[in-house]
$ cat target38.txt   # compact mmCIF, C-alpha atoms and all ligand atoms
# COMPACT_ATOMS: atom_id res chain seq x y z
CA MET A 1 -151.93 180.61 186.02
CA GLN A 2 -148.56 178.88 185.90
CA LEU A 3 -145.73 179.11 188.43
CA ILE A 4 -142.33 178.21 187.01
CA GLY A 5 -139.49 177.09 189.27
CA MET A 6 -138.64 174.45 191.85
CA PHE A 7 -139.65 174.72 195.49
CA ASP A 8 -136.03 174.34 196.59
CA SER A 9 -135.81 178.06 195.77
CA PRO A 10 -137.15 180.12 198.71
CA TYR A 11 -138.19 182.82 196.22
CA VAL A 12 -140.32 180.35 194.25
CA ARG A 13 -141.60 178.80 197.44
CA ARG A 14 -142.77 182.07 199.01
CA VAL A 15 -144.86 182.65 195.89
CA ALA A 16 -146.24 179.09 196.01
CA VAL A 17 -147.09 179.36 199.72
CA THR A 18 -148.81 182.68 199.07
CA LEU A 19 -150.85 181.24 196.18
CA ARG A 20 -151.93 178.27 198.29
CA HIS A 21 -152.66 180.37 201.38
CA LEU A 22 -154.82 182.73 199.30
CA GLY A 23 -156.53 179.80 197.58
CA LEU A 24 -155.44 180.88 194.10
CA PRO A 25 -155.22 177.86 191.77
CA PHE A 26 -152.06 177.42 189.68
CA GLU A 27 -150.20 174.84 187.65
CA HIS A 28 -146.71 174.19 188.91
CA ARG A 29 -143.98 173.85 186.28
CA ASN A 30 -141.19 172.17 188.25
CA TRP A 31 -138.44 173.52 186.01
CA SER A 32 -134.81 173.73 187.10
CA VAL A 33 -132.61 176.77 186.39
CA GLY A 34 -129.94 174.20 185.51
CA THR A 35 -131.52 171.66 183.16
CA ASP A 36 -134.49 173.78 182.01
CA PHE A 37 -132.55 177.02 181.57
CA GLU A 38 -133.39 177.43 177.88
CA ARG A 39 -137.13 177.00 178.23
CA ILE A 40 -137.17 179.32 181.24
CA ARG A 41 -135.36 181.86 179.06
CA GLU A 42 -137.97 181.50 176.33
CA LEU A 43 -140.46 182.90 178.84
CA SER A 44 -138.07 185.24 180.64
CA PRO A 45 -134.72 186.06 179.04
CA LEU A 46 -133.44 186.90 182.54
CA GLY A 47 -133.41 183.15 183.14
CA ARG A 48 -134.32 183.30 186.81
CA VAL A 49 -137.14 181.76 188.81
CA PRO A 50 -139.81 182.33 189.93
CA VAL A 51 -141.67 183.25 186.77
CA LEU A 52 -145.46 183.55 186.89
CA VAL A 53 -147.54 183.31 183.74
CA ALA A 54 -150.81 185.04 184.60
CA GLY A 55 -154.24 184.03 183.36
CA ASP A 56 -154.12 186.75 180.69
CA GLY A 57 -150.72 185.48 179.48
CA ALA A 58 -148.67 188.24 181.13
CA VAL A 59 -145.23 187.05 182.25
CA LEU A 60 -144.16 188.29 185.68
CA VAL A 61 -140.61 187.94 186.99
CA ASP A 62 -139.09 188.41 190.45
CA SER A 63 -140.90 187.15 193.53
CA ALA A 64 -141.44 190.67 194.95
CA ALA A 65 -143.22 191.82 191.78
CA ILE A 66 -145.26 188.61 191.67
CA LEU A 67 -146.33 188.92 195.32
CA ASP A 68 -147.31 192.53 194.71
CA ALA A 69 -149.52 191.43 191.79
CA LEU A 70 -151.14 188.66 193.88
CA ASP A 71 -152.01 191.17 196.63
CA ASP A 72 -153.46 193.46 193.98
CA TRP A 73 -155.59 190.65 192.50
CA VAL A 74 -157.08 189.53 195.84
CA GLY A 75 -157.77 193.10 196.94
CA PRO A 76 -156.98 195.09 200.09
CA GLU A 77 -159.01 192.92 202.50
CA ARG A 78 -156.97 189.77 201.74
CA ALA A 79 -153.64 191.30 200.67
CA LEU A 80 -150.76 189.81 202.66
CA LEU A 81 -148.64 192.95 202.84
CA PRO A 82 -150.20 195.43 205.31
CA ALA A 83 -151.60 198.41 203.43
CA SER A 84 -149.91 201.27 205.27
CA GLY A 85 -148.33 202.65 208.40
CA VAL A 86 -146.03 200.99 210.90
CA ALA A 87 -147.22 197.46 210.03
CA ARG A 88 -146.32 197.92 206.35
CA ARG A 89 -142.95 199.44 207.15
CA GLU A 90 -142.14 196.68 209.64
CA ALA A 91 -143.27 193.94 207.25
CA LEU A 92 -141.08 195.36 204.48
CA ARG A 93 -138.15 195.64 206.87
CA LEU A 94 -138.40 191.98 207.86
CA ILE A 95 -138.96 190.85 204.26
CA SER A 96 -135.92 192.85 203.10
CA LEU A 97 -133.75 191.39 205.86
CA ALA A 98 -134.91 187.87 205.01
CA THR A 99 -134.44 188.20 201.24
CA GLY A 100 -131.08 189.89 201.83
CA ALA A 101 -129.97 187.00 204.05
CA GLY A 102 -131.18 184.58 201.37
CA GLU A 103 -129.16 186.36 198.70
CA LYS A 104 -126.03 186.21 200.85
CA ALA A 105 -126.55 182.48 201.41
CA ARG A 106 -127.05 182.03 197.68
CA ASP A 107 -123.72 183.80 197.06
CA VAL A 108 -122.03 181.43 199.51
CA LEU A 109 -123.57 178.41 197.78
CA TYR A 110 -122.78 179.58 194.27
CA GLU A 111 -119.16 180.19 195.31
CA ARG A 112 -119.02 176.50 196.23
CA MET A 113 -121.24 175.06 193.49
CA VAL A 114 -120.63 177.26 190.44
CA ARG A 115 -117.07 178.59 190.64
CA PRO A 116 -114.09 176.35 189.86
CA ALA A 117 -112.53 175.06 193.10
CA GLU A 118 -109.23 176.92 192.47
CA LYS A 119 -111.15 180.23 192.28
CA TYR A 120 -113.02 179.73 195.57
CA HIS A 121 -112.47 182.95 197.54
CA GLU A 122 -112.79 182.39 201.29
CA PRO A 123 -112.80 186.12 202.32
CA TRP A 124 -115.88 186.69 200.15
CA VAL A 125 -117.66 183.71 201.72
CA THR A 126 -116.78 184.93 205.23
CA ARG A 127 -118.08 188.41 204.43
CA CYS A 128 -121.36 187.00 203.03
CA ARG A 129 -121.87 184.82 206.10
CA GLU A 130 -121.33 187.82 208.40
CA GLN A 131 -123.87 189.85 206.45
CA MET A 132 -126.35 186.97 206.51
CA HIS A 133 -126.02 186.55 210.29
CA GLY A 134 -126.31 190.32 210.77
CA ALA A 135 -129.70 190.31 209.08
CA LEU A 136 -130.82 187.12 210.85
CA GLY A 137 -129.89 188.61 214.23
CA LEU A 138 -132.39 191.43 213.66
CA ILE A 139 -135.09 188.95 212.61
CA GLU A 140 -134.36 186.85 215.72
CA THR A 141 -134.88 189.96 217.88
CA SER A 142 -138.27 190.59 216.25
CA CYS A 143 -139.36 186.98 216.69
CA ARG A 144 -138.31 187.08 220.36
CA GLU A 145 -140.14 190.36 220.98
CA HIS A 146 -143.37 189.00 219.52
CA GLY A 147 -143.19 185.64 221.28
CA PRO A 148 -143.93 182.16 219.92
CA ASP A 149 -147.71 182.58 219.63
CA ALA A 150 -147.86 185.88 217.71
CA TRP A 151 -147.42 186.69 214.04
CA LEU A 152 -144.61 189.09 213.20
CA VAL A 153 -146.39 192.34 212.39
CA ASP A 154 -150.13 191.91 212.73
CA ASP A 155 -152.69 189.68 214.46
CA ARG A 156 -152.81 187.55 211.29
CA LEU A 157 -150.26 185.85 209.05
CA THR A 158 -148.70 188.35 206.63
CA GLN A 159 -146.10 188.23 203.89
CA ALA A 160 -143.46 188.94 206.56
CA ASP A 161 -144.24 185.58 208.20
CA ILE A 162 -144.24 183.73 204.87
CA SER A 163 -141.03 185.22 203.52
CA VAL A 164 -139.11 184.92 206.80
CA ALA A 165 -140.18 181.29 207.20
CA CYS A 166 -139.47 180.24 203.59
CA ILE A 167 -136.03 181.77 203.64
CA ALA A 168 -135.10 180.51 207.11
CA THR A 169 -136.16 176.98 206.13
CA PHE A 170 -133.98 177.26 203.03
CA LEU A 171 -131.03 178.43 205.15
CA ASP A 172 -131.55 175.50 207.49
CA ASP A 173 -131.70 173.09 204.54
CA VAL A 174 -128.55 174.36 202.85
CA LEU A 175 -126.42 175.62 205.75
CA GLY A 176 -127.85 173.83 208.80
CA LEU A 177 -128.89 177.17 210.30
CA PHE A 178 -130.76 175.82 213.31
CA GLY A 179 -128.02 173.43 214.33
CA GLY A 180 -125.31 176.04 214.04
CA ASP A 181 -123.76 178.93 215.89
CA PRO A 182 -125.25 181.39 216.76
CA PRO A 183 -128.55 179.71 217.64
CA TYR A 184 -131.81 181.30 216.53
CA PRO A 185 -134.37 179.82 218.96
CA ALA A 186 -137.13 182.41 218.46
CA LEU A 187 -136.79 182.32 214.67
CA GLN A 188 -136.79 178.52 214.74
CA ALA A 189 -140.02 178.49 216.79
CA HIS A 190 -141.60 180.89 214.31
CA VAL A 191 -140.54 178.74 211.37
CA GLU A 192 -141.92 175.59 212.99
CA ARG A 193 -145.27 177.30 213.53
CA CYS A 194 -145.43 178.39 209.88
CA GLU A 195 -144.19 175.08 208.45
CA ALA A 196 -147.08 173.29 210.21
CA LEU A 197 -149.63 175.18 208.08
CA PRO A 198 -151.08 173.40 205.02
CA ALA A 199 -149.76 175.95 202.50
CA PHE A 200 -146.23 175.38 203.80
CA ARG A 201 -146.51 171.61 204.20
CA SER A 202 -147.71 171.14 200.63
CA THR A 203 -144.67 172.97 199.21
CA ARG A 204 -141.95 171.50 201.46
CA LEU A 205 -139.21 169.49 199.72
CA ARG A 206 -138.00 167.14 202.44
CA TRP A 207 -135.41 165.45 200.20
CA PHE A 208 -133.68 168.77 199.55
CA ALA A 209 -132.11 169.18 203.00
CA ALA A 210 -130.84 165.59 202.95
CA GLU A 211 -129.28 166.12 199.51
CA MET A 212 -127.67 169.46 200.43
CA GLN A 213 -126.24 168.29 203.74
CA GLY A 214 -125.55 164.67 202.83
N1 LIG A 301 -134.73 188.59 193.40
C1 LIG A 301 -135.15 187.37 192.76
C2 LIG A 301 -134.18 186.27 193.09
C3 LIG A 301 -134.55 184.97 192.37
C4 LIG A 301 -133.38 184.02 192.36
O1 LIG A 301 -132.26 184.32 192.78
N2 LIG A 301 -133.63 182.83 191.82
C5 LIG A 301 -132.57 181.85 191.68
C6 LIG A 301 -133.05 180.52 192.23
S1 LIG A 301 -133.09 180.60 194.01
C7 LIG A 301 -132.23 181.70 190.22
O2 LIG A 301 -133.09 181.79 189.37
N3 LIG A 301 -130.94 181.44 189.93
C8 LIG A 301 -130.45 181.23 188.61
C9 LIG A 301 -129.68 182.38 188.08
O3 LIG A 301 -129.72 183.48 188.67
O4 LIG A 301 -129.02 182.20 187.06
C10 LIG A 301 -136.56 187.01 193.22
O5 LIG A 301 -136.93 187.39 194.33
O6 LIG A 301 -137.30 186.39 192.45

$ encode --input "target38.txt" --output "structure tokens" --more "lines below"
Ligand SMILES: N[C@@H](CCC(=O)N[C@@H](CS)C(=O)NCC(=O)O)C(=O)O
Amino acid sequence: MQLIGMFDSPYVRRVAVTLRHLGLPFEHRNWSVGTDFERIRELSPLGRVPVLVAGDGAVLVDSAAILDALDDWVGPERALLPASGVARREALRLISLATGAGEKARDVLYERMVRPAEKYHEPWVTRCREQMHGALGLIETSCREHGPDAWLVDDRLTQADISVACIATFLDDVLGLFGGDPPYPALQAHVERCEALPAFRSTRLRWFAAEMQG
């Protein structure tokens, strides 16, 4: 199995953390959507990461579809998305809020990094930031309600914990989330708990935050 994409992407990283946590071996192709765009497009004409090339050669795109396949492969006992009921609904709610916040942050970044400076549109950036903080506020409430020693939706780590932590770490790396206003103390405590786990530690790019904020 091959995972294509750099761990600076929270979407790639949540797949990598999931693979490691489940003990599924994979080769990591550390390809950039900038410099390796053409060879990524040879596998997936969409040209986005993550891309997963499965053992049977199938090419999977989009982290949500990849995570769904991984849960399917390990079976219901080990699947990281709860199978049904309130836990599944709550996990999907938190995952959607986290990925939505990540997309809004990505829009803010691309406005700065991709668009010509004279076309930078501040009202769009302000709107994206408001949307991002709206979603993060709901995640903060959930983290606070569960307390620092509990997982978010179950008595074990689920995909909600992984996705929330990967995306919040990314937001801290690129936007200084945990040093900013408003503060997110309960979310920060949850992220620190997750980032201490081996699957997270082995996929953490420490240089990335320094480069983004330097
Ligand atoms: N919904 C997608 C989002 C993936 C995504 O936005 N990947 C970014 C890297 S963080 C990317 O490939 N950007 C290059 C592009 O869209 O051209 C997923 O969950 O996999």

$ residues_around --input "target38.txt" --residues "A:Ala69" --least-positions-apart "2" --cutoff "12 Å" --atoms "only C-alpha atoms" --output "list in words"
Val15, Thr18, Leu19, Leu52, Val53, Ala54, Ala58, Val59, Leu60, Val61, Asp62, Ser63, Ala64, Ala65, Ile66, Leu67, Asp71, Asp72, Trp73, Val74, Gly75, Pro76, Ala79, Leu80 and Leu81 of chain A

$ write_last_selection --input "target38.txt" --atoms "C-alpha atoms" --output "compact mmCIF listing (two decimals), keeping the file's coordinate frame"
# COMPACT_ATOMS: atom_id res chain seq x y z
CA VAL A 15 -144.86 182.65 195.89
CA THR A 18 -148.81 182.68 199.07
CA LEU A 19 -150.85 181.24 196.18
CA LEU A 52 -145.46 183.55 186.89
CA VAL A 53 -147.54 183.31 183.74
CA ALA A 54 -150.81 185.04 184.60
CA ALA A 58 -148.67 188.24 181.13
CA VAL A 59 -145.23 187.05 182.25
CA LEU A 60 -144.16 188.29 185.68
CA VAL A 61 -140.61 187.94 186.99
CA ASP A 62 -139.09 188.41 190.45
CA SER A 63 -140.90 187.15 193.53
CA ALA A 64 -141.44 190.67 194.95
CA ALA A 65 -143.22 191.82 191.78
CA ILE A 66 -145.26 188.61 191.67
CA LEU A 67 -146.33 188.92 195.32
CA ASP A 71 -152.01 191.17 196.63
CA ASP A 72 -153.46 193.46 193.98
CA TRP A 73 -155.59 190.65 192.50
CA VAL A 74 -157.08 189.53 195.84
CA GLY A 75 -157.77 193.10 196.94
CA PRO A 76 -156.98 195.09 200.09
CA ALA A 79 -153.64 191.30 200.67
CA LEU A 80 -150.76 189.81 202.66
CA LEU A 81 -148.64 192.95 202.84

$ axis_aligned_box --input "target38.txt" --around "ligand LIG 301 (chain A)" --padding-each-side "3 Å" --output "AutoDock Vina command-line options"
--center_x -133.2 --center_y 184.6 --center_z 190.7 --size_x 14.3 --size_y 14.1 --size_z 13.3

$ residues_near_ligand --input "target38.txt" --ligand "ligand LIG 301 (chain A)" --cutoff "8 Å" --atoms "all atoms listed in the file" --output "list in words"
Gly5, Asp8, Ser9, Pro10, Tyr11, Val12, Val33, Gly34, Leu46, Gly47, Arg48, Val49, Pro50, Val51, Val61, Asp62, Ser63, Ala64, Thr99, Glu103 and Arg106 of chain A

$ atom_distance --input "target38.txt" --atom1 "atom CA of A:Gly57" --atom2 "atom CA of A:Gly23"
19.8 Å

$ closest_residue --input "target38.txt" --among "A:Val108, A:Ala117, A:Ala16, A:Ala209" --to "A:Val174" --atoms "all atoms listed in the file"
A:Ala209

$ closest_residue --input "target38.txt" --among "A:Arg41, A:Arg29, A:Lys104, A:Arg193" --to "A:Ala165" --atoms "all atoms listed in the file"
A:Arg193

$ closest_residue --input "target38.txt" --among "A:Ala168, A:His21, A:Ala160, A:Ala101" --to "A:Arg127" --atoms "all atoms listed in the file"
A:Ala101

$ atom_distance --input "target38.txt" --atom1 "atom CA of A:Ala105" --atom2 "atom CA of A:Asp36"
22.7 Å

$ atom_distance --input "target38.txt" --atom1 "atom CA of A:Leu138" --atom2 "atom CA of A:Pro185"
12.9 Å

$ closest_residue --input "target38.txt" --among "A:Gln159, A:Asn30, A:Gln131, A:Ser44" --to "A:Leu94" --atoms "all atoms listed in the file"
A:Gln159

$ closest_residue --input "target38.txt" --among "A:Phe208, A:Phe37, A:Trp151, A:Phe200" --to "A:Asp172" --atoms "all atoms listed in the file"
A:Phe208

$ closest_residue --input "target38.txt" --among "A:Glu211, A:Tyr184, A:Thr203, A:Met1" --to "A:Val17" --atoms "all atoms listed in the file"
A:Thr203

$ residues_around --input "target38.txt" --residues "A:Ser84" --least-positions-apart "6" --cutoff "12 Å" --atoms "all atoms listed in the file" --output "ChimeraX atom specification"
/A:76,90-92,153-154

$ residues_around --input "target38.txt" --residues "A:Pro123" --least-positions-apart "5" --cutoff "12 Å" --atoms "all atoms listed in the file" --output "list in words"
Val108, Glu111, Cys128, Arg129 and Glu130 of chain A

$ residues_around --input "target38.txt" --residues "A:Ala186" --least-positions-apart "5" --cutoff "10 Å" --atoms "all atoms listed in the file" --output "mmCIF file with C-alpha atoms, in the coordinates of the input"
data_model
loop_
_atom_site.group_PDB
_atom_site.id
_atom_site.type_symbol
_atom_site.label_atom_id
_atom_site.label_comp_id
_atom_site.auth_asym_id
_atom_site.auth_seq_id
_atom_site.Cartn_x
_atom_site.Cartn_y
_atom_site.Cartn_z
ATOM 1 C CA ILE A 139 -135.090 188.950 212.610
ATOM 2 C CA GLU A 140 -134.360 186.850 215.720
ATOM 3 C CA THR A 141 -134.880 189.960 217.880
ATOM 4 C CA SER A 142 -138.270 190.590 216.250
ATOM 5 C CA CYS A 143 -139.360 186.980 216.690
ATOM 6 C CA ARG A 144 -138.310 187.080 220.360
ATOM 7 C CA GLU A 145 -140.140 190.360 220.980
ATOM 8 C CA HIS A 146 -143.370 189.000 219.520
ATOM 9 C CA GLY A 147 -143.190 185.640 221.280
ATOM 10 C CA PRO A 148 -143.930 182.160 219.920
ATOM 11 C CA VAL A 191 -140.540 178.740 211.370
ATOM 12 C CA GLU A 192 -141.920 175.590 212.990
#

$ decode --input "target38.txt" --residues "stretch 51-148 of chain A" --atoms "C-alpha atoms" --output "compact mmCIF listing (two decimals), in the first residue's frame"
# COMPACT_ATOMS: atom_id res chain seq x y z
CA VAL A 51 -4.00 9.46 -2.70
CA LEU A 52 -3.84 5.85 -1.53
CA VAL A 53 -2.72 3.09 -3.86
CA ALA A 54 -4.17 -0.08 -2.35
CA GLY A 55 -2.52 -3.50 -2.37
CA ASP A 56 -4.65 -4.56 -5.35
CA GLY A 57 -3.60 -1.43 -7.29
CA ALA A 58 -6.86 0.46 -6.75
CA VAL A 59 -6.35 4.23 -6.52
CA LEU A 60 -8.37 5.93 -3.78
CA VAL A 61 -8.74 9.71 -3.53
CA ASP A 62 -10.07 11.98 -0.78
CA SER A 63 -9.23 11.30 2.85
CA ALA A 64 -12.86 10.55 3.81
CA ALA A 65 -13.13 7.82 1.16
CA ILE A 66 -9.73 6.42 2.14
CA LEU A 67 -10.63 6.31 5.85
CA ASP A 68 -13.89 4.59 5.01
CA ALA A 69 -11.96 1.92 3.07
CA LEU A 70 -9.49 1.42 5.94
CA ASP A 71 -12.36 0.88 8.40
CA ASP A 72 -13.88 -1.60 5.96
CA TRP A 73 -10.59 -3.51 5.63
CA VAL A 74 -9.97 -3.85 9.39
CA GLY A 75 -13.58 -4.84 10.08
CA PRO A 76 -16.24 -3.61 12.51
CA GLU A 77 -14.35 -4.51 15.71
CA ARG A 78 -11.39 -2.23 14.89
CA ALA A 79 -13.08 0.38 12.67
CA LEU A 80 -12.39 3.90 13.94
CA LEU A 81 -15.74 5.40 13.00
CA PRO A 82 -18.44 4.14 15.41
CA ALA A 83 -20.80 1.79 13.58
CA SER A 84 -24.15 3.38 14.38
CA GLY A 85 -26.31 5.47 16.65
CA VAL A 86 -25.48 8.60 18.61
CA ALA A 87 -21.73 7.86 18.67
CA ARG A 88 -21.55 7.66 14.87
CA ARG A 89 -23.61 10.80 14.40
CA GLU A 90 -21.52 12.72 16.95
CA ALA A 91 -18.25 11.49 15.44
CA LEU A 92 -19.35 12.58 11.97
CA ARG A 93 -20.46 15.95 13.33
CA LEU A 94 -17.07 16.61 14.90
CA ILE A 95 -15.19 15.33 11.84
CA SER A 96 -17.28 17.55 9.55
CA LEU A 97 -16.68 20.59 11.75
CA ALA A 98 -12.94 19.89 11.83
CA THR A 99 -12.58 19.28 8.08
CA GLY A 100 -14.76 22.32 7.39
CA ALA A 101 -12.53 24.47 9.61
CA GLY A 102 -9.50 23.04 7.81
CA GLU A 103 -10.95 23.94 4.43
CA LYS A 104 -11.62 27.50 5.56
CA ALA A 105 -8.04 27.82 6.82
CA ARG A 106 -6.79 26.43 3.51
CA ASP A 107 -8.81 29.11 1.69
CA VAL A 108 -7.20 31.78 3.88
CA LEU A 109 -3.74 30.39 3.16
CA TYR A 110 -4.28 30.00 -0.57
CA GLU A 111 -5.53 33.61 -0.74
CA ARG A 112 -2.14 34.63 0.66
CA MET A 113 0.08 32.06 -1.05
CA VAL A 114 -1.53 31.44 -4.45
CA ARG A 115 -3.31 34.64 -5.51
CA PRO A 116 -1.35 37.65 -6.77
CA ALA A 117 -0.93 40.21 -3.97
CA GLU A 118 -3.02 42.84 -5.81
CA LYS A 119 -5.97 40.39 -5.94
CA TYR A 120 -5.90 39.58 -2.22
CA HIS A 121 -9.48 40.06 -1.02
CA GLU A 122 -9.65 40.84 2.71
CA PRO A 123 -13.47 40.45 3.11
CA TRP A 124 -13.22 36.86 1.87
CA VAL A 125 -10.41 36.11 4.33
CA THR A 126 -12.40 37.66 7.20
CA ARG A 127 -15.45 35.60 6.28
CA CYS A 128 -13.40 32.37 6.13
CA ARG A 129 -11.82 33.08 9.52
CA GLU A 130 -15.26 33.67 11.07
CA GLN A 131 -16.53 30.39 9.66
CA MET A 132 -13.44 28.56 10.88
CA HIS A 133 -13.82 29.95 14.42
CA GLY A 134 -17.55 29.14 14.37
CA ALA A 135 -16.77 25.48 13.77
CA LEU A 136 -13.88 25.45 16.26
CA GLY A 137 -16.12 26.96 18.95
CA LEU A 138 -18.43 23.94 18.70
CA ILE A 139 -15.48 21.54 18.88
CA GLU A 140 -14.14 23.42 21.93
CA THR A 141 -17.53 22.95 23.65
CA SER A 142 -17.40 19.20 22.99
CA CYS A 143 -13.84 18.92 24.29
CA ARG A 144 -14.79 20.87 27.43
CA GLU A 145 -17.87 18.72 28.05
CA HIS A 146 -15.86 15.50 27.82
CA GLY A 147 -12.96 16.73 29.95
CA PRO A 148 -9.22 16.28 29.41
